[in-house]
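*Asks:* For reference, this is upload-v2.cif, and it has mmCIF, C-alpha atoms.
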```cif
data_work
loop_
_atom_site.label_atom_id
_atom_site.label_comp_id
_atom_site.auth_asym_id
_atom_site.auth_seq_id
_atom_site.Cartn_x
_atom_site.Cartn_y
_atom_site.Cartn_z
CA MET A 20 -7.45 24.76 -15.11
CA GLU A 21 -5.18 22.47 -13.12
CA LYS A 22 -5.60 18.77 -13.88
CA GLN A 23 -6.95 16.63 -11.07
CA LYS A 24 -4.32 14.71 -9.15
CA ILE A 25 -4.31 10.92 -9.43
CA ALA A 26 -3.54 8.35 -6.74
CA LEU A 27 -3.16 4.66 -7.57
CA VAL A 28 -3.93 2.54 -4.50
CA THR A 29 -3.43 -1.23 -4.72
CA GLY A 30 -5.50 -3.65 -2.68
CA ALA A 31 -8.04 -0.90 -2.05
CA SER A 32 -11.35 -2.78 -1.91
CA LYS A 33 -11.28 -3.27 1.87
CA GLY A 34 -9.47 -2.60 5.13
CA ILE A 35 -6.53 -0.21 5.17
CA GLY A 36 -6.50 0.16 1.40
CA ALA A 37 -10.14 1.24 1.33
CA ALA A 38 -9.52 3.78 4.10
CA ILE A 39 -6.57 5.19 2.14
CA ALA A 40 -8.67 5.42 -1.04
CA ARG A 41 -11.44 7.28 0.81
CA GLU A 42 -9.05 9.72 2.47
CA LEU A 43 -7.07 10.53 -0.65
CA ALA A 44 -10.31 11.00 -2.57
CA ALA A 45 -11.38 13.49 0.11
CA ASP A 46 -8.01 15.21 -0.43
CA GLY A 47 -8.95 15.76 -4.06
CA TYR A 48 -7.30 12.80 -5.79
CA HIS A 49 -8.92 10.80 -8.57
CA ILE A 50 -8.45 7.26 -7.26
CA TRP A 51 -7.22 4.47 -9.48
CA LEU A 52 -8.61 1.73 -7.24
CA ASN A 53 -6.90 -1.61 -7.72
CA TYR A 54 -8.23 -4.88 -6.35
CA ARG A 55 -7.84 -8.51 -7.30
CA SER A 56 -11.27 -10.15 -7.42
CA ASP A 57 -13.84 -8.73 -4.96
CA HIS A 58 -15.83 -6.70 -7.47
CA GLU A 59 -18.72 -5.98 -5.11
CA ALA A 60 -16.49 -4.60 -2.35
CA ALA A 61 -14.62 -2.43 -4.86
CA LYS A 62 -17.89 -1.07 -6.28
CA LEU A 63 -19.07 -0.20 -2.77
CA ILE A 64 -15.91 1.82 -2.08
CA ALA A 65 -16.24 3.54 -5.45
CA ALA A 66 -19.87 4.37 -4.65
CA GLU A 67 -18.90 5.81 -1.25
CA ILE A 68 -16.28 8.00 -2.90
CA ALA A 69 -18.73 9.12 -5.58
CA ASP A 70 -21.35 9.99 -2.95
CA ALA A 71 -18.76 12.22 -1.28
CA GLY A 72 -18.04 13.96 -4.59
CA GLY A 73 -14.92 12.02 -5.59
CA GLN A 74 -13.92 9.99 -8.62
CA THR A 75 -12.56 6.47 -9.05
CA THR A 76 -11.35 4.25 -11.85
CA LEU A 77 -11.66 0.55 -10.95
CA LEU A 78 -8.64 -1.56 -11.93
CA PRO A 79 -9.11 -5.27 -11.27
CA PHE A 80 -5.79 -7.10 -11.56
CA ASP A 81 -3.50 -9.28 -9.48
CA VAL A 82 -0.39 -7.27 -8.62
CA ALA A 83 1.64 -10.51 -8.58
CA ASP A 84 0.87 -11.12 -12.27
CA HIS A 85 3.25 -8.87 -14.20
CA GLU A 86 1.42 -9.39 -17.50
CA ALA A 87 -1.95 -8.47 -15.98
CA VAL A 88 -0.38 -5.38 -14.39
CA ALA A 89 1.04 -4.27 -17.73
CA VAL A 90 -2.21 -4.89 -19.62
CA SER A 91 -4.18 -2.81 -17.12
CA LEU A 92 -1.75 0.02 -16.44
CA GLU A 93 0.21 0.69 -19.60
CA PRO A 94 -2.75 2.04 -21.65
CA LEU A 95 -3.64 4.42 -18.80
CA LEU A 96 -0.03 5.48 -18.28
CA GLU A 97 0.28 6.55 -21.92
CA GLY A 98 -1.88 9.56 -21.16
CA GLN A 99 -1.74 10.06 -17.40
CA VAL A 100 0.75 9.53 -14.61
CA PRO A 101 -0.33 9.07 -10.99
CA ASP A 102 0.97 11.73 -8.63
CA VAL A 103 0.83 9.15 -5.83
CA LEU A 104 1.29 5.39 -5.74
CA VAL A 105 0.31 3.50 -2.59
CA ASN A 106 1.48 -0.11 -2.59
CA ASN A 107 -0.98 -1.63 -0.13
CA ALA A 108 -1.95 -4.98 -1.68
CA GLY A 109 -1.03 -7.89 0.56
CA PHE A 110 -2.18 -10.78 2.67
CA ALA A 111 -0.88 -13.14 5.33
CA ARG A 112 -0.69 -16.92 5.20
CA ASP A 113 0.65 -17.79 8.62
CA GLY A 114 2.28 -21.01 9.72
CA ILE A 115 5.37 -22.45 11.36
CA MET A 116 8.23 -22.38 8.85
CA ALA A 117 9.09 -26.07 9.33
CA LEU A 118 5.57 -26.91 8.14
CA MET A 119 5.16 -24.11 5.59
CA SER A 120 4.37 -25.14 2.03
CA GLN A 121 6.33 -23.84 -0.93
CA ASN A 122 3.17 -22.16 -2.20
CA ASP A 123 2.63 -20.32 1.09
CA TRP A 124 6.16 -18.95 0.86
CA ASP A 125 6.03 -18.12 -2.84
CA ASP A 126 2.55 -16.57 -2.88
CA VAL A 127 3.18 -14.15 0.01
CA LEU A 128 6.47 -12.92 -1.46
CA ALA A 129 4.95 -12.73 -4.94
CA VAL A 130 2.23 -10.31 -3.83
CA HIS A 131 4.24 -8.12 -1.46
CA LEU A 132 7.59 -7.95 -3.24
CA GLY A 133 6.66 -9.02 -6.75
CA GLY A 134 3.59 -6.79 -6.66
CA PHE A 135 5.65 -3.84 -5.49
CA PHE A 136 8.10 -4.38 -8.36
CA ASN A 137 5.48 -4.99 -11.05
CA VAL A 138 3.44 -1.87 -10.28
CA THR A 139 6.15 0.52 -9.10
CA ARG A 140 8.51 -0.12 -12.00
CA LEU A 141 5.90 1.03 -14.52
CA VAL A 142 4.70 4.03 -12.51
CA VAL A 143 8.09 5.32 -11.37
CA ALA A 144 9.43 5.23 -14.94
CA ARG A 145 6.78 7.82 -15.80
CA MET A 146 7.24 9.80 -12.57
CA LEU A 147 10.91 10.18 -13.46
CA LYS A 148 9.95 11.93 -16.70
CA LYS A 149 7.59 14.27 -14.82
CA ARG A 150 10.24 14.85 -12.13
CA ARG A 151 7.81 14.47 -9.29
CA GLY A 152 5.77 11.88 -7.42
CA ARG A 153 5.14 10.12 -4.14
CA VAL A 154 5.41 6.38 -3.48
CA ILE A 155 4.14 5.02 -0.18
CA ASN A 156 4.58 1.37 0.73
CA ILE A 157 2.39 -0.19 3.40
CA VAL A 158 4.64 -2.49 5.42
CA SER A 159 4.10 -3.98 8.90
CA THR A 160 5.43 -4.17 12.42
CA SER A 161 6.14 -7.82 11.57
CA GLY A 162 8.74 -6.64 9.08
CA GLU A 163 10.46 -4.55 11.75
CA THR A 164 10.44 -6.96 14.70
CA GLY A 165 9.76 -10.42 13.32
CA MET A 166 6.80 -12.52 14.40
CA ALA A 167 6.63 -16.25 15.12
CA GLY A 168 4.42 -17.97 12.59
CA GLN A 169 4.97 -15.23 10.01
CA VAL A 170 8.38 -15.96 8.52
CA ASN A 171 7.04 -15.46 4.98
CA TYR A 172 5.07 -12.29 5.81
CA SER A 173 7.85 -10.80 7.96
CA ALA A 174 10.43 -11.51 5.27
CA ALA A 175 8.25 -9.88 2.62
CA LYS A 176 7.57 -6.77 4.68
CA ALA A 177 11.21 -6.44 5.76
CA GLY A 178 12.18 -6.69 2.11
CA LEU A 179 9.73 -3.96 1.25
CA ILE A 180 11.28 -1.70 3.90
CA GLY A 181 14.67 -2.22 2.28
CA ALA A 182 13.21 -1.55 -1.15
CA THR A 183 11.63 1.67 0.15
CA ARG A 184 14.98 3.01 1.32
CA SER A 185 16.86 1.97 -1.81
CA LEU A 186 14.28 3.41 -4.19
CA ALA A 187 14.22 6.66 -2.19
CA ALA A 188 17.96 6.96 -2.75
CA GLU A 189 17.58 6.25 -6.46
CA VAL A 190 14.85 8.73 -7.32
CA GLY A 191 15.20 11.54 -4.79
CA ARG A 192 17.07 13.81 -7.23
CA ARG A 193 14.00 13.73 -9.48
CA ASN A 194 11.78 14.96 -6.63
CA ILE A 195 10.14 11.57 -6.12
CA LEU A 196 9.64 10.82 -2.44
CA VAL A 197 9.42 7.22 -1.25
CA ASN A 198 8.32 6.30 2.26
CA ALA A 199 6.78 3.40 4.16
CA VAL A 200 3.96 3.27 6.69
CA SER A 201 4.14 0.38 9.14
CA PRO A 202 0.83 -0.55 10.80
CA GLY A 203 0.65 -2.71 13.90
CA PHE A 204 -2.59 -4.39 14.97
CA ILE A 205 -5.34 -2.66 12.95
CA GLU A 206 -9.06 -3.49 12.91
CA THR A 207 -9.25 -5.38 9.60
CA GLU A 208 -10.07 -8.88 8.39
CA MET A 209 -6.50 -9.96 9.16
CA LEU A 210 -7.35 -9.84 12.88
CA ASP A 211 -10.54 -11.88 12.63
CA ASP A 212 -8.92 -15.16 13.68
CA LEU A 213 -6.47 -13.74 16.23
CA PRO A 214 -7.14 -13.76 20.01
CA LYS A 215 -7.55 -10.09 20.95
CA GLU A 216 -7.26 -10.91 24.66
CA GLN A 217 -3.66 -11.93 23.96
CA ILE A 218 -2.96 -9.03 21.63
CA LEU A 219 -4.13 -6.12 23.78
CA PRO A 220 -1.52 -6.60 26.57
CA MET A 221 1.18 -6.20 23.89
CA ILE A 222 -0.02 -2.67 23.03
CA PRO A 223 0.83 0.18 25.44
CA LEU A 224 -2.18 2.20 24.26
CA GLY A 225 -4.37 -0.77 25.14
CA ARG A 226 -6.46 -0.90 21.98
CA ILE A 227 -6.52 -2.02 18.37
CA GLY A 228 -5.90 0.68 15.77
CA GLU A 229 -8.38 1.88 13.17
CA PRO A 230 -7.70 1.88 9.41
CA GLU A 231 -8.23 5.65 9.36
CA GLU A 232 -5.28 6.07 11.73
CA VAL A 233 -3.12 4.58 8.99
CA SER A 234 -4.72 6.49 6.14
CA GLY A 235 -4.18 9.75 8.02
CA ILE A 236 -0.40 9.47 7.86
CA VAL A 237 -0.60 8.39 4.21
CA SER A 238 -2.54 11.57 3.52
CA PHE A 239 0.13 13.61 5.30
CA LEU A 240 2.92 11.96 3.29
CA CYS A 241 1.10 12.92 0.09
CA SER A 242 0.82 16.56 1.15
CA LYS A 243 3.08 19.57 0.65
CA ARG A 244 3.90 19.43 4.37
CA ALA A 245 5.87 16.23 3.74
CA SER A 246 7.98 17.59 0.90
CA TYR A 247 11.29 17.05 2.74
CA ILE A 248 10.65 13.49 3.91
CA THR A 249 11.90 10.44 2.05
CA GLY A 250 13.28 6.99 2.79
CA GLN A 251 11.52 6.79 6.16
CA VAL A 252 9.35 4.21 7.93
CA PHE A 253 6.42 5.59 9.96
CA ALA A 254 5.02 3.26 12.61
CA VAL A 255 1.31 3.26 13.47
CA ASN A 256 1.25 0.61 16.18
CA GLY A 257 0.06 2.06 19.49
CA GLY A 258 3.52 1.58 20.96
CA ALA A 259 3.68 -2.18 20.32
CA HIS A 260 7.15 -1.64 18.81
CA LEU A 261 9.19 1.30 20.01
#
```
Would you write out, as structure tokens, the structure that this file holds?
*Replies:*
Amino acid sequence: MEKQKIALVTGASKGIGAAIARELAADGYHIWLNYRSDHEAAKLIAAEIADAGGQTTLLPFDVADHEAVAVSLEPLLEGQVPDVLVNNAGFARDGIMALMSQNDWDDVLAVHLGGFFNVTRLVVARMLKKRRGRVINIVSTSGETGMAGQVNYSAAKAGLIGATRSLAAEVGRRNILVNAVSPGFIETEMLDDLPKEQILPMIPLGRIGEPEEVSGIVSFLCSKRASYITGQVFAVNGGAHL
């Protein structure tokens, strides 16, 4: 009997990460569901997946804390290796750069870039031995175009795009595919404080995207149909950046 596939999704207790966890669970993956501290939200997603016939393992740790990552993942990785890693954990802390605090700079880069390194380094080392795997990094339109008030977030996401391409070149010969998905304005908590009347004119399709429109392309990139795609950035932005 073939072993069940495993997908590790970081930052999966809400928003885009939760949508990805649900969709990959529906695709037959056992979800290693990472989150930092919102235990109730994570349990709700796990319950939804269970009700639909799927399985989850809850992994509460801060991706920016390399020791916490190692403590949580290394015991699991001794016996199992995820077939898919989705680096989704992230947050924004917007502000004009001239007024930005050191912590606001450091914390955003620590989660997006440090978190990518801390988790991916451990998982990819095992994928290399298996000679297969998929890594999908959730980036942002801000990392492709730049956005006033988001110098820290844009820098982090642009860095993650560069890391995606470089890692794809490193591990492609071992049949490990590395791609990025770049959402634009998506209906999540990150939009709660933004003026939608100013955002909508920026989007040719005239609407905000749904998390499931991001998770759909992640699902595709995990499938056999995407077996000749690596090092690419896939935009899901309604035409806001062409």
*Asks:* Hey, what's within 8 Å of Leu77 in chain A if we count all atoms listed in the file and toss same-chain stuff fewer than 2 positions away? As a PDB file with C-alpha atoms, in the frame of the given file, please?
*Replies:*
```pdb
ATOM      1  CA  TRP A  51      -7.220   4.470  -9.480  1.00  0.00           C
ATOM      2  CA  LEU A  52      -8.610   1.730  -7.240  1.00  0.00           C
ATOM      3  CA  ASN A  53      -6.900  -1.610  -7.720  1.00  0.00           C
ATOM      4  CA  TYR A  54      -8.230  -4.880  -6.350  1.00  0.00           C
ATOM      5  CA  ALA A  61     -14.620  -2.430  -4.860  1.00  0.00           C
ATOM      6  CA  LYS A  62     -17.890  -1.070  -6.280  1.00  0.00           C
ATOM      7  CA  ALA A  65     -16.240   3.540  -5.450  1.00  0.00           C
ATOM      8  CA  THR A  75     -12.560   6.470  -9.050  1.00  0.00           C
ATOM      9  CA  PRO A  79      -9.110  -5.270 -11.270  1.00  0.00           C
TER      10      PRO A  79
END
```
*Asks:* I need the residue nearest Leu147 in chain A from this list: A:Glu93, A:Glu42, A:Glu189, A:Asp123. Use only C-alpha atoms for the distance.
*Replies:*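 Under the stated criterion, the closest residue is A:Glu189.
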*Asks:* Could you spell out the hits of the PyMOL selection byres ((chain A and resi 98-113) around 8) on the shown file, as a PyMOL selection string?
*Replies:* chain A and resi 24-31+35-36+54+82+94-97+114-115+123+127+130-131+134-135+139+142+145-146+151-158+168-172+209+241
*Asks:* To verify the selection step, state as a list in words which residues the PyMOL selection byres ((chain A and resi 256) around 8) yields on this input.
*Replies:* Thr160, Ser201, Pro202, Gly203, Phe204, Ile222, Gly228, Ala254, Val255, Gly257, Gly258, Ala259 and His260 of chain A
*Asks:* Output, as lines of an AutoDock Vina configuration file, the centre and edge lengths in Å (one decimal) of the axis-aligned box that contains all listed atoms of range 113-117 of chain A with 4 Å of margin on each side.
*Replies:*
```
center_x = 4.9
center_y = -21.9
center_z = 10.0
size_x = 16.4
size_y = 16.3
size_z = 10.7
```
*Asks:* So how far away is CA of Asp84 in chain A from CA of Lys33 in chain A, in Å?
*Replies:*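 It comes out at 20.2 Å.
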*Asks:* Counting all atoms listed in the file, figure out which residue out of A:Ile248, A:Glu206, A:Asn137, A:Arg226 gets nearest to Ala89 in chain A.
*Replies:* A:Asn137
*Asks:* Compare A:Val200, A:Met119, A:Leu63, A:Leu132 by their minimum atom-to-atom distance to Ser238 in chain A, counting all atoms listed in the file, and give me the closest one.
*Replies:*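 For Ser238 in chain A, the nearest of the candidates is A:Val200.
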*Asks:* For Leu240 in chain A, find every residue with an atom within 9 Å (counting all atoms listed in the file), except residues of its own chain fewer than 4 positions away, and show them as a list in words.
*Replies:*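 After dropping sequence-adjacent residues, the list is Arg153, Ile155, Leu196, Asn198, Gly235, Ile236, Arg244, Ala245, Ser246 and Ile248 of chain A.
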*Asks:* For Gly165 in chain A, which residue among A:Ala177, A:Ala44, A:Phe239, A:Asp70 is the nearest when counting all atoms listed in the file?
*Replies:* A:Ala177
*Asks:* Calculate how many Å separate CA of Glu163 in chain A from CA of Leu43 in chain A, rounding to one decimal.
*Replies:*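 Answer for the CA of Glu163 in chain A to CA of Leu43 in chain A separation: 26.2 Å.
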*Asks:* Which distance in Å separates CA of Arg193 in chain A and CA of Lys243 in chain A, to one decimal?
*Replies:*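 Atom-to-atom, CA of Arg193 in chain A and CA of Lys243 in chain A are spaced 16.0 Å apart.
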*Asks:* Between A:Val237, A:Ala167, A:Ala175, A:Leu92, single out the one closest to Val138 in chain A, counting only C-alpha atoms.
*Replies:* A:Leu92
*Asks:* Measuring between only C-alpha atoms, which one of A:Gln121, A:Leu186, A:Ala69, A:Val252 shows the shortest distance to Phe136 in chain A?
*Replies:*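 Among the listed residues, the smallest separation from Phe136 in chain A belongs to A:Leu186.
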